[in-house]
$ cat my_file-v3.pdb   # PDB, C-alpha atoms and all ligand atoms
ATOM      1  CA  MET A   1     -20.002  13.721   3.833  1.00  0.00           C
ATOM      2  CA  PRO A   2     -19.289  15.517   7.127  1.00  0.00           C
ATOM      3  CA  ALA A   3     -18.357  19.176   6.713  1.00  0.00           C
ATOM      4  CA  ARG A   4     -14.822  20.069   7.800  1.00  0.00           C
ATOM      5  CA  SER A   5     -13.588  23.624   7.536  1.00  0.00           C
ATOM      6  CA  PRO A   6     -10.045  24.311   6.260  1.00  0.00           C
ATOM      7  CA  VAL A   7      -9.334  26.007   9.584  1.00  0.00           C
ATOM      8  CA  HIS A   8     -10.351  22.882  11.473  1.00  0.00           C
ATOM      9  CA  ALA A   9      -8.290  20.643   9.177  1.00  0.00           C
ATOM     10  CA  ALA A  10      -5.260  22.882   9.644  1.00  0.00           C
ATOM     11  CA  ALA A  11      -5.742  22.728  13.415  1.00  0.00           C
ATOM     12  CA  CYS A  12      -5.744  18.916  13.257  1.00  0.00           C
ATOM     13  CA  TYR A  13      -2.529  18.893  11.293  1.00  0.00           C
ATOM     14  CA  LYS A  14      -0.928  21.336  13.720  1.00  0.00           C
ATOM     15  CA  ARG A  15      -2.125  19.104  16.565  1.00  0.00           C
ATOM     16  CA  LEU A  16      -0.442  16.106  14.932  1.00  0.00           C
ATOM     17  CA  LEU A  17       2.794  17.851  14.150  1.00  0.00           C
ATOM     18  CA  VAL A  18       3.278  19.966  17.238  1.00  0.00           C
ATOM     19  CA  ASP A  19       1.750  18.039  20.118  1.00  0.00           C
ATOM     20  CA  THR A  20       2.932  14.537  19.280  1.00  0.00           C
ATOM     21  CA  PRO A  21       6.526  13.802  20.220  1.00  0.00           C
ATOM     22  CA  SER A  22       7.306  11.593  17.231  1.00  0.00           C
ATOM     23  CA  ALA A  23      10.094  12.938  15.052  1.00  0.00           C
ATOM     24  CA  SER A  24       8.712  11.105  12.016  1.00  0.00           C
ATOM     25  CA  GLU A  25       5.136  12.355  12.419  1.00  0.00           C
ATOM     26  CA  ALA A  26       4.887  14.266   9.149  1.00  0.00           C
ATOM     27  CA  ASN A  27       6.542  11.445   7.237  1.00  0.00           C
ATOM     28  CA  GLY A  28       4.091   9.008   8.799  1.00  0.00           C
ATOM     29  CA  LEU A  29       1.045  11.000   7.706  1.00  0.00           C
ATOM     30  CA  GLN A  30       2.425  11.412   4.208  1.00  0.00           C
ATOM     31  CA  ALA A  31       3.123   7.661   4.127  1.00  0.00           C
ATOM     32  CA  VAL A  32      -0.540   7.000   4.961  1.00  0.00           C
ATOM     33  CA  CYS A  33      -1.598   9.205   2.027  1.00  0.00           C
ATOM     34  CA  ASP A  34       0.851   7.399  -0.259  1.00  0.00           C
ATOM     35  CA  ALA A  35      -0.450   4.031   0.929  1.00  0.00           C
ATOM     36  CA  CYS A  36      -4.046   5.077   0.235  1.00  0.00           C
ATOM     37  CA  ARG A  37      -3.112   6.148  -3.271  1.00  0.00           C
ATOM     38  CA  ARG A  38      -1.305   2.834  -3.813  1.00  0.00           C
ATOM     39  CA  LEU A  39      -4.389   0.891  -2.701  1.00  0.00           C
ATOM     40  CA  HIS A  40      -6.669   3.027  -4.880  1.00  0.00           C
ATOM     41  CA  ARG A  41      -4.445   2.607  -7.950  1.00  0.00           C
ATOM     42  CA  ARG A  42      -4.424  -1.165  -7.468  1.00  0.00           C
ATOM     43  CA  ASN A  43      -8.233  -1.282  -7.276  1.00  0.00           C
ATOM     44  CA  LEU A  44      -8.119  -2.481  -3.682  1.00  0.00           C
ATOM     45  CA  LEU A  45     -10.616   0.175  -2.652  1.00  0.00           C
ATOM     46  CA  ALA A  46     -12.927   2.646  -4.398  1.00  0.00           C
ATOM     47  CA  ALA A  47     -13.839   6.258  -3.663  1.00  0.00           C
ATOM     48  CA  ALA A  48     -13.967   6.814   0.124  1.00  0.00           C
ATOM     49  CA  ASP A  49     -13.901   3.069   0.939  1.00  0.00           C
ATOM     50  CA  GLY A  50     -11.344   1.601   3.291  1.00  0.00           C
ATOM     51  CA  ASN A  51      -9.354   3.207   6.068  1.00  0.00           C
ATOM     52  CA  VAL A  52      -5.752   3.354   7.237  1.00  0.00           C
ATOM     53  CA  SER A  53      -4.383   4.191  10.671  1.00  0.00           C
ATOM     54  CA  LEU A  54      -1.049   4.704  12.351  1.00  0.00           C
ATOM     55  CA  ARG A  55      -0.165   4.501  16.034  1.00  0.00           C
ATOM     56  CA  LEU A  56       1.001   7.876  17.303  1.00  0.00           C
ATOM     57  CA  GLY A  57       1.918   6.807  20.816  1.00  0.00           C
ATOM     58  CA  GLN A  58       0.655   4.590  23.583  1.00  0.00           C
ATOM     59  CA  ASP A  59      -2.864   6.022  23.608  1.00  0.00           C
ATOM     60  CA  GLU A  60      -3.604   7.646  20.238  1.00  0.00           C
ATOM     61  CA  ILE A  61      -3.839   6.834  16.565  1.00  0.00           C
ATOM     62  CA  ALA A  62      -4.047   8.906  13.405  1.00  0.00           C
ATOM     63  CA  ILE A  63      -6.772   7.560  11.111  1.00  0.00           C
ATOM     64  CA  THR A  64      -8.110   8.447   7.691  1.00  0.00           C
ATOM     65  CA  PRO A  65     -11.239  10.617   7.728  1.00  0.00           C
ATOM     66  CA  ALA A  66     -14.795   9.692   6.824  1.00  0.00           C
ATOM     67  CA  GLY A  67     -15.978  10.501   3.335  1.00  0.00           C
ATOM     68  CA  VAL A  68     -12.730  11.503   1.636  1.00  0.00           C
ATOM     69  CA  ASN A  69     -11.662   9.789  -1.588  1.00  0.00           C
ATOM     70  CA  LYS A  70      -8.440   7.879  -0.842  1.00  0.00           C
ATOM     71  CA  TYR A  71      -6.858   9.054  -4.075  1.00  0.00           C
ATOM     72  CA  ARG A  72      -7.021  12.687  -2.963  1.00  0.00           C
ATOM     73  CA  LEU A  73      -6.258  12.271   0.737  1.00  0.00           C
ATOM     74  CA  ARG A  74      -3.904  14.878   2.266  1.00  0.00           C
ATOM     75  CA  PRO A  75      -1.981  14.682   5.560  1.00  0.00           C
ATOM     76  CA  GLU A  76      -4.055  17.541   6.981  1.00  0.00           C
ATOM     77  CA  ASP A  77      -7.244  15.495   6.414  1.00  0.00           C
ATOM     78  CA  MET A  78      -6.237  12.891   9.005  1.00  0.00           C
ATOM     79  CA  ALA A  79      -8.127  12.560  12.285  1.00  0.00           C
ATOM     80  CA  VAL A  80      -6.783  11.644  15.722  1.00  0.00           C
ATOM     81  CA  VAL A  81      -8.585   9.198  18.026  1.00  0.00           C
ATOM     82  CA  ARG A  82      -7.700   7.960  21.500  1.00  0.00           C
ATOM     83  CA  LEU A  83      -7.663   4.200  22.096  1.00  0.00           C
ATOM     84  CA  ASP A  84     -10.675   4.593  24.398  1.00  0.00           C
ATOM     85  CA  GLY A  85     -12.628   5.809  21.356  1.00  0.00           C
ATOM     86  CA  VAL A  86     -12.676   9.535  22.087  1.00  0.00           C
ATOM     87  CA  THR A  87     -12.053  11.697  19.018  1.00  0.00           C
ATOM     88  CA  VAL A  88      -9.258  14.197  19.627  1.00  0.00           C
ATOM     89  CA  SER A  89      -9.434  15.986  16.275  1.00  0.00           C
ATOM     90  CA  GLY A  90     -10.905  15.667  12.807  1.00  0.00           C
ATOM     91  CA  THR A  91     -13.709  13.413  11.547  1.00  0.00           C
ATOM     92  CA  PRO A  92     -12.468   9.831  11.875  1.00  0.00           C
ATOM     93  CA  SER A  93     -13.604   6.947   9.703  1.00  0.00           C
ATOM     94  CA  SER A  94     -16.898   5.374  10.730  1.00  0.00           C
ATOM     95  CA  GLU A  95     -15.055   2.037  10.736  1.00  0.00           C
ATOM     96  CA  ARG A  96     -12.607   3.068  13.457  1.00  0.00           C
ATOM     97  CA  ALA A  97     -13.893   0.393  15.885  1.00  0.00           C
ATOM     98  CA  MET A  98     -11.894  -2.266  14.025  1.00  0.00           C
ATOM     99  CA  HIS A  99      -8.703  -0.248  14.221  1.00  0.00           C
ATOM    100  CA  LEU A 100      -9.127   0.456  17.919  1.00  0.00           C
ATOM    101  CA  TRP A 101      -9.661  -3.227  18.672  1.00  0.00           C
ATOM    102  CA  VAL A 102      -6.439  -4.113  16.864  1.00  0.00           C
ATOM    103  CA  TYR A 103      -4.362  -1.521  18.746  1.00  0.00           C
ATOM    104  CA  ARG A 104      -5.863  -2.498  22.106  1.00  0.00           C
ATOM    105  CA  ARG A 105      -5.238  -6.193  21.552  1.00  0.00           C
ATOM    106  CA  CYS A 106      -1.950  -6.089  19.646  1.00  0.00           C
ATOM    107  CA  PRO A 107       0.833  -4.123  21.338  1.00  0.00           C
ATOM    108  CA  ASP A 108       3.069  -4.693  18.294  1.00  0.00           C
ATOM    109  CA  ALA A 109       0.592  -3.069  15.891  1.00  0.00           C
ATOM    110  CA  ARG A 110       1.948   0.186  14.459  1.00  0.00           C
ATOM    111  CA  ALA A 111      -0.398   0.377  11.456  1.00  0.00           C
ATOM    112  CA  VAL A 112      -3.772  -1.020  10.377  1.00  0.00           C
ATOM    113  CA  VAL A 113      -5.075  -1.110   6.815  1.00  0.00           C
ATOM    114  CA  HIS A 114      -8.642  -1.979   5.840  1.00  0.00           C
ATOM    115  CA  ALA A 115      -9.545  -2.169   2.147  1.00  0.00           C
ATOM    116  CA  HIS A 116     -12.142  -3.738  -0.160  1.00  0.00           C
ATOM    117  CA  PRO A 117     -10.149  -6.114  -2.413  1.00  0.00           C
ATOM    118  CA  PRO A 118     -12.711  -7.344  -4.963  1.00  0.00           C
ATOM    119  CA  THR A 119     -11.620 -10.930  -5.609  1.00  0.00           C
ATOM    120  CA  ALA A 120     -11.019 -11.632  -1.938  1.00  0.00           C
ATOM    121  CA  ILE A 121     -14.486 -10.321  -1.059  1.00  0.00           C
ATOM    122  CA  GLY A 122     -15.943 -12.372  -3.920  1.00  0.00           C
ATOM    123  CA  TRP A 123     -14.755 -15.564  -2.208  1.00  0.00           C
ATOM    124  CA  THR A 124     -16.774 -14.725   0.912  1.00  0.00           C
ATOM    125  CA  LEU A 125     -19.891 -13.976  -1.158  1.00  0.00           C
ATOM    126  CA  ALA A 126     -19.742 -17.132  -3.262  1.00  0.00           C
ATOM    127  CA  HIS A 127     -18.658 -19.394  -0.393  1.00  0.00           C
ATOM    128  CA  PRO A 128     -20.156 -18.103   2.880  1.00  0.00           C
ATOM    129  CA  GLU A 129     -19.270 -21.448   4.475  1.00  0.00           C
ATOM    130  CA  LEU A 130     -15.530 -20.703   4.247  1.00  0.00           C
ATOM    131  CA  THR A 131     -13.756 -20.116   7.544  1.00  0.00           C
ATOM    132  CA  GLU A 132     -10.529 -19.132   5.789  1.00  0.00           C
ATOM    133  CA  LEU A 133      -9.166 -18.467   2.331  1.00  0.00           C
ATOM    134  CA  PRO A 134      -8.076 -21.877   0.995  1.00  0.00           C
ATOM    135  CA  SER A 135      -4.375 -22.209   1.767  1.00  0.00           C
ATOM    136  CA  ASP A 136      -3.651 -25.876   1.073  1.00  0.00           C
ATOM    137  CA  ALA A 137      -2.726 -25.300  -2.571  1.00  0.00           C
ATOM    138  CA  LEU A 138      -0.776 -22.067  -2.517  1.00  0.00           C
ATOM    139  CA  PRO A 139       2.603 -21.942  -0.729  1.00  0.00           C
ATOM    140  CA  GLU A 140       2.625 -18.121  -0.664  1.00  0.00           C
ATOM    141  CA  VAL A 141      -0.411 -17.978   1.627  1.00  0.00           C
ATOM    142  CA  ILE A 142       1.230 -20.300   4.157  1.00  0.00           C
ATOM    143  CA  LEU A 143       4.638 -18.589   3.945  1.00  0.00           C
ATOM    144  CA  ALA A 144       3.375 -15.001   3.970  1.00  0.00           C
ATOM    145  CA  ALA A 145       0.503 -15.187   6.444  1.00  0.00           C
ATOM    146  CA  GLY A 146       0.080 -18.702   7.816  1.00  0.00           C
ATOM    147  CA  ARG A 147      -3.682 -18.710   7.445  1.00  0.00           C
ATOM    148  CA  ILE A 148      -6.131 -16.026   6.323  1.00  0.00           C
ATOM    149  CA  PRO A 149      -9.304 -16.567   8.397  1.00  0.00           C
ATOM    150  CA  VAL A 150     -12.722 -15.127   7.509  1.00  0.00           C
ATOM    151  CA  VAL A 151     -14.202 -12.926  10.250  1.00  0.00           C
ATOM    152  CA  PRO A 152     -18.019 -13.311  10.502  1.00  0.00           C
ATOM    153  CA  TYR A 153     -20.088 -10.559   8.940  1.00  0.00           C
ATOM    154  CA  ALA A 154     -20.785  -7.391  10.888  1.00  0.00           C
ATOM    155  CA  ARG A 155     -22.543  -4.340   9.531  1.00  0.00           C
ATOM    156  CA  PRO A 156     -19.996  -1.814   8.180  1.00  0.00           C
ATOM    157  CA  GLY A 157     -19.570   1.078  10.573  1.00  0.00           C
ATOM    158  CA  SER A 158     -20.991  -0.818  13.576  1.00  0.00           C
ATOM    159  CA  GLU A 159     -19.255  -1.439  16.892  1.00  0.00           C
ATOM    160  CA  ALA A 160     -19.720  -5.165  16.145  1.00  0.00           C
ATOM    161  CA  MET A 161     -17.009  -4.871  13.494  1.00  0.00           C
ATOM    162  CA  GLY A 162     -14.567  -4.585  16.367  1.00  0.00           C
ATOM    163  CA  THR A 163     -16.018  -7.253  18.620  1.00  0.00           C
ATOM    164  CA  GLU A 164     -16.126  -9.826  15.796  1.00  0.00           C
ATOM    165  CA  LEU A 165     -12.413  -9.265  15.284  1.00  0.00           C
ATOM    166  CA  GLY A 166     -11.553  -9.933  18.917  1.00  0.00           C
ATOM    167  CA  PRO A 167     -11.159 -13.734  18.811  1.00  0.00           C
ATOM    168  CA  PHE A 168      -8.709 -13.459  15.893  1.00  0.00           C
ATOM    169  CA  LEU A 169      -6.319 -11.078  17.627  1.00  0.00           C
ATOM    170  CA  PRO A 170      -3.408 -10.933  18.117  1.00  0.00           C
ATOM    171  CA  ALA A 171      -2.837 -14.335  16.491  1.00  0.00           C
ATOM    172  CA  HIS A 172      -3.685 -13.198  12.957  1.00  0.00           C
ATOM    173  CA  ARG A 173      -2.387 -10.161  11.102  1.00  0.00           C
ATOM    174  CA  LEU A 174      -4.300 -10.698   7.861  1.00  0.00           C
ATOM    175  CA  LEU A 175      -8.041 -11.308   7.859  1.00  0.00           C
ATOM    176  CA  LEU A 176     -10.932 -11.423   5.425  1.00  0.00           C
ATOM    177  CA  LEU A 177     -14.127  -9.710   6.594  1.00  0.00           C
ATOM    178  CA  ALA A 178     -17.145 -11.610   5.281  1.00  0.00           C
ATOM    179  CA  ARG A 179     -19.092  -9.713   2.583  1.00  0.00           C
ATOM    180  CA  HIS A 180     -17.037  -6.604   3.230  1.00  0.00           C
ATOM    181  CA  GLY A 181     -13.269  -6.529   2.826  1.00  0.00           C
ATOM    182  CA  ALA A 182      -9.918  -7.343   4.318  1.00  0.00           C
ATOM    183  CA  LEU A 183      -7.916  -6.076   7.255  1.00  0.00           C
ATOM    184  CA  ALA A 184      -4.187  -6.257   7.882  1.00  0.00           C
ATOM    185  CA  TRP A 185      -2.057  -4.965  10.715  1.00  0.00           C
ATOM    186  CA  GLY A 186       1.678  -4.769  10.976  1.00  0.00           C
ATOM    187  CA  GLU A 187       4.680  -3.446  12.794  1.00  0.00           C
ATOM    188  CA  SER A 188       4.942  -0.975   9.913  1.00  0.00           C
ATOM    189  CA  LEU A 189       2.587   0.550   7.385  1.00  0.00           C
ATOM    190  CA  GLU A 190       4.418  -1.306   4.639  1.00  0.00           C
ATOM    191  CA  GLU A 191       3.763  -4.665   6.301  1.00  0.00           C
ATOM    192  CA  ALA A 192       0.033  -3.952   6.584  1.00  0.00           C
ATOM    193  CA  VAL A 193      -0.289  -2.721   2.966  1.00  0.00           C
ATOM    194  CA  ASN A 194       1.635  -5.763   1.772  1.00  0.00           C
ATOM    195  CA  GLY A 195      -0.906  -7.931   3.593  1.00  0.00           C
ATOM    196  CA  ILE A 196      -3.794  -6.401   1.655  1.00  0.00           C
ATOM    197  CA  GLU A 197      -1.961  -6.817  -1.646  1.00  0.00           C
ATOM    198  CA  ARG A 198      -1.159 -10.401  -0.680  1.00  0.00           C
ATOM    199  CA  VAL A 199      -4.723 -11.445   0.076  1.00  0.00           C
ATOM    200  CA  GLU A 200      -6.087 -10.044  -3.189  1.00  0.00           C
ATOM    201  CA  HIS A 201      -3.291 -11.621  -5.246  1.00  0.00           C
ATOM    202  CA  ALA A 202      -3.795 -15.007  -3.593  1.00  0.00           C
ATOM    203  CA  ALA A 203      -7.568 -14.774  -4.032  1.00  0.00           C
ATOM    204  CA  LEU A 204      -7.108 -14.017  -7.730  1.00  0.00           C
ATOM    205  CA  ILE A 205      -4.740 -16.975  -8.250  1.00  0.00           C
ATOM    206  CA  LEU A 206      -7.150 -19.317  -6.470  1.00  0.00           C
ATOM    207  CA  LYS A 207     -10.112 -17.991  -8.488  1.00  0.00           C
ATOM    208  CA  THR A 208      -8.153 -18.616 -11.694  1.00  0.00           C
ATOM    209  CA  ALA A 209      -7.292 -22.137 -10.559  1.00  0.00           C
ATOM    210  CA  PHE A 210     -10.917 -22.913  -9.780  1.00  0.00           C
ATOM    211  CA  GLU A 211     -12.001 -21.586 -13.178  1.00  0.00           C
ATOM    212  CA  LEU A 212      -9.391 -23.841 -14.796  1.00  0.00           C
ATOM    213  CA  GLY A 213     -10.629 -26.949 -13.024  1.00  0.00           C
ATOM    214  CA  GLY A 214      -9.804 -26.623  -9.342  1.00  0.00           C
ATOM    215  CA  ALA A 215      -6.860 -25.922  -7.057  1.00  0.00           C
ATOM    216  CA  LYS A 216      -5.084 -29.164  -6.231  1.00  0.00           C
ATOM    217  CA  ALA A 217      -3.796 -29.358  -2.666  1.00  0.00           C
ATOM    218  CA  LEU A 218      -0.089 -29.598  -1.890  1.00  0.00           C
ATOM    219  CA  PRO A 219       1.022 -32.923  -0.376  1.00  0.00           C
ATOM    220  CA  GLU A 220       0.515 -32.931   3.367  1.00  0.00           C
ATOM    221  CA  ASP A 221       4.230 -33.257   4.212  1.00  0.00           C
ATOM    222  CA  GLU A 222       4.994 -30.206   2.046  1.00  0.00           C
ATOM    223  CA  ARG A 223       2.259 -28.197   3.769  1.00  0.00           C
ATOM    224  CA  ARG A 224       3.736 -29.152   7.109  1.00  0.00           C
ATOM    225  CA  ALA A 225       7.222 -28.135   5.985  1.00  0.00           C
ATOM    226  CA  LEU A 226       5.901 -24.759   4.818  1.00  0.00           C
ATOM    227  CA  GLN A 227       4.110 -24.241   8.133  1.00  0.00           C
ATOM    228  CA  LEU A 228       7.357 -24.984   9.984  1.00  0.00           C
ATOM    229  CA  LEU A 229       9.167 -22.440   7.808  1.00  0.00           C
ATOM    230  CA  ARG A 230       6.455 -19.892   8.546  1.00  0.00           C
ATOM    231  CA  ALA A 231       6.768 -20.522  12.291  1.00  0.00           C
ATOM    232  CA  LYS A 232      10.551 -20.115  12.046  1.00  0.00           C
ATOM    233  CA  ASN A 233      10.252 -16.824  10.138  1.00  0.00           C
ATOM    234  CA  GLY A 234       8.025 -15.257  12.795  1.00  0.00           C
ATOM    235  CA  PRO A 235       4.587 -13.607  12.760  1.00  0.00           C
ATOM    236  CA  LYS A 236       5.229 -10.737  10.312  1.00  0.00           C
ATOM    237  CA  LEU A 237       3.302 -10.618   7.052  1.00  0.00           C
ATOM    238  CA  LEU A 238       5.647 -11.175   4.138  1.00  0.00           C
TER     239      LEU A 238
HETATM  240 ZN    ZN B   1     -15.016  -1.195   4.789  1.00  0.00          ZN
END
$ encode --input "my_file-v3.pdb" --output "structure tokens"
Amino acid sequence: MPARSPVHAAACYKRLLVDTPSASEANGLQAVCDACRRLHRRNLLAAADGNVSLRLGQDEIAITPAGVNKYRLRPEDMAVVRLDGVTVSGTPSSERAMHLWVYRRCPDARAVVHAHPPTAIGWTLAHPELTELPSDALPEVILAAGRIPVVPYARPGSEAMGTELGPFLPAHRLLLLARHGALAWGESLEEAVNGIERVEHAALILKTAFELGGAKALPEDERRALQLLRAKNGPKLL
């Protein structure tokens, strides 16, 4: 775990609160901590796994630090990184490349959440041939996210984590990362967290269905109707 002195952490927090012209800065950082605790409580990440970021302005994001348990995260622990990858303050997550790719490619992205939802990851381990989480049986996947593609494996912490994401952006807001986790982005932190909850819940329902004999597909005309509804409702994760 990288060493960070209390003085340095306090300086980061001051940097976030004083130098950034967002009136809701402190609330935003506290909301990130609350979101991390929510994900931890729901078993969507463990220990220091996962990372959450928030856009601070055109060129900077606040991102959770490396090596800090998400249950105990404090606003003053957050790091600041420029979109060109330069660290402004703190010790940012080693998985920041994914976040930066999302913000560069998706002007609407205000928040990015990456977690390790166990059932969703299990699907990519047991079925490496899958290009998306099966969506032909479960209306909620179509209505809430359209499709949930699987991004090819890249070593956690590598720059390749970002480049593998590229082809899926900005079209998709909810993605599975093969053998690793899930990533969601949204126009709010709530939208992105909801995406992570959604993918794990859907994965669990589908796993249950397969254990009970298989998930039977919806009729094609119903799938088409649901896709039309999704298109009408817009791109937000529901
Ligand atoms: Zn991860």
$ atom_distance --input "my_file-v3.pdb" --atom1 "CA of Trp123 (chain A)" --atom2 "CA of Cys36 (chain A)"
23.4 Å
$ residues_around --input "my_file-v3.pdb" --residues "Pro75 (chain A)" --least-positions-apart "4" --cutoff "8 Å" --atoms "all atoms listed in the file" --output "PyMOL selection string"
chain A and resi 13+26+29-30+32-33
$ write_last_selection --input "my_file-v3.pdb" --atoms "C-alpha atoms" --output "PDB file, in the coordinates of the input"
ATOM      1  CA  TYR A  13      -2.529  18.893  11.293  1.00  0.00           C
ATOM      2  CA  ALA A  26       4.887  14.266   9.149  1.00  0.00           C
ATOM      3  CA  LEU A  29       1.045  11.000   7.706  1.00  0.00           C
ATOM      4  CA  GLN A  30       2.425  11.412   4.208  1.00  0.00           C
ATOM      5  CA  VAL A  32      -0.540   7.000   4.961  1.00  0.00           C
ATOM      6  CA  CYS A  33      -1.598   9.205   2.027  1.00  0.00           C
TER       7      CYS A  33
END
$ residues_around --input "my_file-v3.pdb" --residues "Ile121 (chain A)" --least-positions-apart "2" --cutoff "6 Å" --atoms "only C-alpha atoms" --output "PyMOL selection string"
chain A and resi 118-119+123-124+179+181
$ atom_distance --input "my_file-v3.pdb" --atom1 "CA of Glu140 (chain A)" --atom2 "CA of Tyr71 (chain A)"
29.0 Å
$ atom_distance --input "my_file-v3.pdb" --atom1 "CA of Thr91 (chain A)" --atom2 "CA of Ala66 (chain A)"
6.1 Å
$ residues_near_ligand --input "my_file-v3.pdb" --ligand "ligand ZN 1 (chain B)" --cutoff "9 Å" --atoms "only C-alpha atoms and all ligand atoms" --output "NGL selection string"
:A and (45 or 49-51 or 95 or 114-116 or 156-157 or 177 or 180-183)
$ closest_residue --input "my_file-v3.pdb" --among "A:Ala202, A:Ala184, A:Val88, A:Ile142" --to "Leu226 (chain A)" --atoms "only C-alpha atoms"
A:Ile142
$ resolve_selection --input "my_file-v3.pdb" --expression "the PyMOL selection byres (((chain A and resi 53) around 10) and not hetatm)" --output "PDB file with C-alpha atoms, in the frame of the given file"
ATOM      1  CA  GLY A  28       4.091   9.008   8.799  1.00  0.00           C
ATOM      2  CA  LEU A  29       1.045  11.000   7.706  1.00  0.00           C
ATOM      3  CA  VAL A  32      -0.540   7.000   4.961  1.00  0.00           C
ATOM      4  CA  ASN A  51      -9.354   3.207   6.068  1.00  0.00           C
ATOM      5  CA  VAL A  52      -5.752   3.354   7.237  1.00  0.00           C
ATOM      6  CA  LEU A  54      -1.049   4.704  12.351  1.00  0.00           C
ATOM      7  CA  ARG A  55      -0.165   4.501  16.034  1.00  0.00           C
ATOM      8  CA  LEU A  56       1.001   7.876  17.303  1.00  0.00           C
ATOM      9  CA  ILE A  61      -3.839   6.834  16.565  1.00  0.00           C
ATOM     10  CA  ALA A  62      -4.047   8.906  13.405  1.00  0.00           C
ATOM     11  CA  ILE A  63      -6.772   7.560  11.111  1.00  0.00           C
ATOM     12  CA  THR A  64      -8.110   8.447   7.691  1.00  0.00           C
ATOM     13  CA  PRO A  65     -11.239  10.617   7.728  1.00  0.00           C
ATOM     14  CA  MET A  78      -6.237  12.891   9.005  1.00  0.00           C
ATOM     15  CA  ALA A  79      -8.127  12.560  12.285  1.00  0.00           C
ATOM     16  CA  VAL A  80      -6.783  11.644  15.722  1.00  0.00           C
ATOM     17  CA  VAL A  81      -8.585   9.198  18.026  1.00  0.00           C
ATOM     18  CA  PRO A  92     -12.468   9.831  11.875  1.00  0.00           C
ATOM     19  CA  SER A  93     -13.604   6.947   9.703  1.00  0.00           C
ATOM     20  CA  ARG A  96     -12.607   3.068  13.457  1.00  0.00           C
ATOM     21  CA  HIS A  99      -8.703  -0.248  14.221  1.00  0.00           C
ATOM     22  CA  LEU A 100      -9.127   0.456  17.919  1.00  0.00           C
ATOM     23  CA  TYR A 103      -4.362  -1.521  18.746  1.00  0.00           C
ATOM     24  CA  ARG A 110       1.948   0.186  14.459  1.00  0.00           C
ATOM     25  CA  ALA A 111      -0.398   0.377  11.456  1.00  0.00           C
ATOM     26  CA  VAL A 112      -3.772  -1.020  10.377  1.00  0.00           C
ATOM     27  CA  VAL A 113      -5.075  -1.110   6.815  1.00  0.00           C
ATOM     28  CA  HIS A 114      -8.642  -1.979   5.840  1.00  0.00           C
ATOM     29  CA  TRP A 185      -2.057  -4.965  10.715  1.00  0.00           C
ATOM     30  CA  LEU A 189       2.587   0.550   7.385  1.00  0.00           C
TER      31      LEU A 189
END
$ resolve_selection --input "my_file-v3.pdb" --expression "the PyMOL selection byres (((chain A and resi 223) around 12) and not hetatm)" --output "MDAnalysis selection string"
chainID A and resid 135:143 146:147 217:222 224:230
$ decode --input "my_file-v3.pdb" --residues "region 35-50 of chain A" --atoms "C-alpha atoms" --output "PDB file, in the first residue's frame"
ATOM      1  CA  ALA A  35     -21.296   4.766  -2.898  1.00  0.00           C
ATOM      2  CA  CYS A  36     -18.181   2.751  -2.032  1.00  0.00           C
ATOM      3  CA  ARG A  37     -19.713   1.705   1.265  1.00  0.00           C
ATOM      4  CA  ARG A  38     -22.930   0.720  -0.530  1.00  0.00           C
ATOM      5  CA  LEU A  39     -20.978  -1.434  -2.994  1.00  0.00           C
ATOM      6  CA  HIS A  40     -18.946  -3.015  -0.187  1.00  0.00           C
ATOM      7  CA  ARG A  41     -22.054  -3.804   1.877  1.00  0.00           C
ATOM      8  CA  ARG A  42     -23.684  -5.456  -1.136  1.00  0.00           C
ATOM      9  CA  ASN A  43     -20.625  -7.657  -1.735  1.00  0.00           C
ATOM     10  CA  LEU A  44     -19.959  -6.001  -5.080  1.00  0.00           C
ATOM     11  CA  LEU A  45     -16.323  -5.468  -4.161  1.00  0.00           C
ATOM     12  CA  ALA A  46     -13.947  -6.626  -1.421  1.00  0.00           C
ATOM     13  CA  ALA A  47     -11.233  -4.837   0.540  1.00  0.00           C
ATOM     14  CA  ALA A  48      -9.470  -2.295  -1.717  1.00  0.00           C
ATOM     15  CA  ASP A  49     -10.999  -3.701  -4.938  1.00  0.00           C
ATOM     16  CA  GLY A  50     -12.872  -1.501  -7.362  1.00  0.00           C
TER      17      GLY A  50
END
